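Some notes on the structure that comes next.
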Amino acid sequence: MRKMVPDPPHSLDSTQALQDTLVQSSEYVLCALFVARQSVQLKPTAPSSIVMQAVIHEMEAVQGLVESALMQLQMQAHLPAEPRTLH
């Protein structure tokens, strides 16, 4: 008998996918910080410099949160799995 519904495509473990997403997010944040810092260095007296400094401050906070989430996820991966009942 043929299957009516095909098997779903093979996907990564959800923890691994989340970790990959956090690493990629961290890289984007680093790039954004670099661009904002370069903008401030090139024109430190421009009116937009104050806004860029605020952006840098906020992106540094985001970077800290992403790194914290990544560390928590990595620590969870190293903890032994909780025993589960089969009923």
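Chain labels follow the order of the structure tokens: the first chain is A, the next B, and so on; residue numbering restarts at 1 in every chain, and ligands are counted from 1 in their shown order.
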**Asked** What residues in segment 2-82 of chain A get the DSSP label helix (DSSP H, G or I)? Please answer as an MDAnalysis selection string.
**Response** chainID A and resid 14:42 48:78
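With only C-alpha atoms as the basis for measurement, A:Thr15 is the residue among A:Thr15, A:Val40, A:Ala46, A:Val51 that approaches Met75 of chain A most closely.
Around Leu70 of chain A, within 12 Å and counting only C-alpha atoms, the residues found are A:Thr15, A:Gln16, A:Ala17, A:Leu18, A:Gln19, A:Asp20, A:Thr21, A:Leu22, A:Val23, A:Gln24, A:Ser25, A:Ser26, A:Gln63, A:Gly64, A:Leu65, A:Met75, A:Gln76, A:Ala77, once anything fewer than 5 positions away on its own chain is removed.
For the residues A:Gln74, A:Thr45, A:Ile50, A:Met59, ranking by smallest atom-to-atom distance to Leu30 of chain A using only C-alpha atoms places A:Met59 first.
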**Message:** Give me, as a PyMOL selection string, all polymer residues having an atom no more than 12 Å from Ala54 of chain A, counting only C-alpha atoms and skipping those fewer than 6 positions away in the same chain.
**Reply:** chain A and resi 33+36-37+40+48+60-61
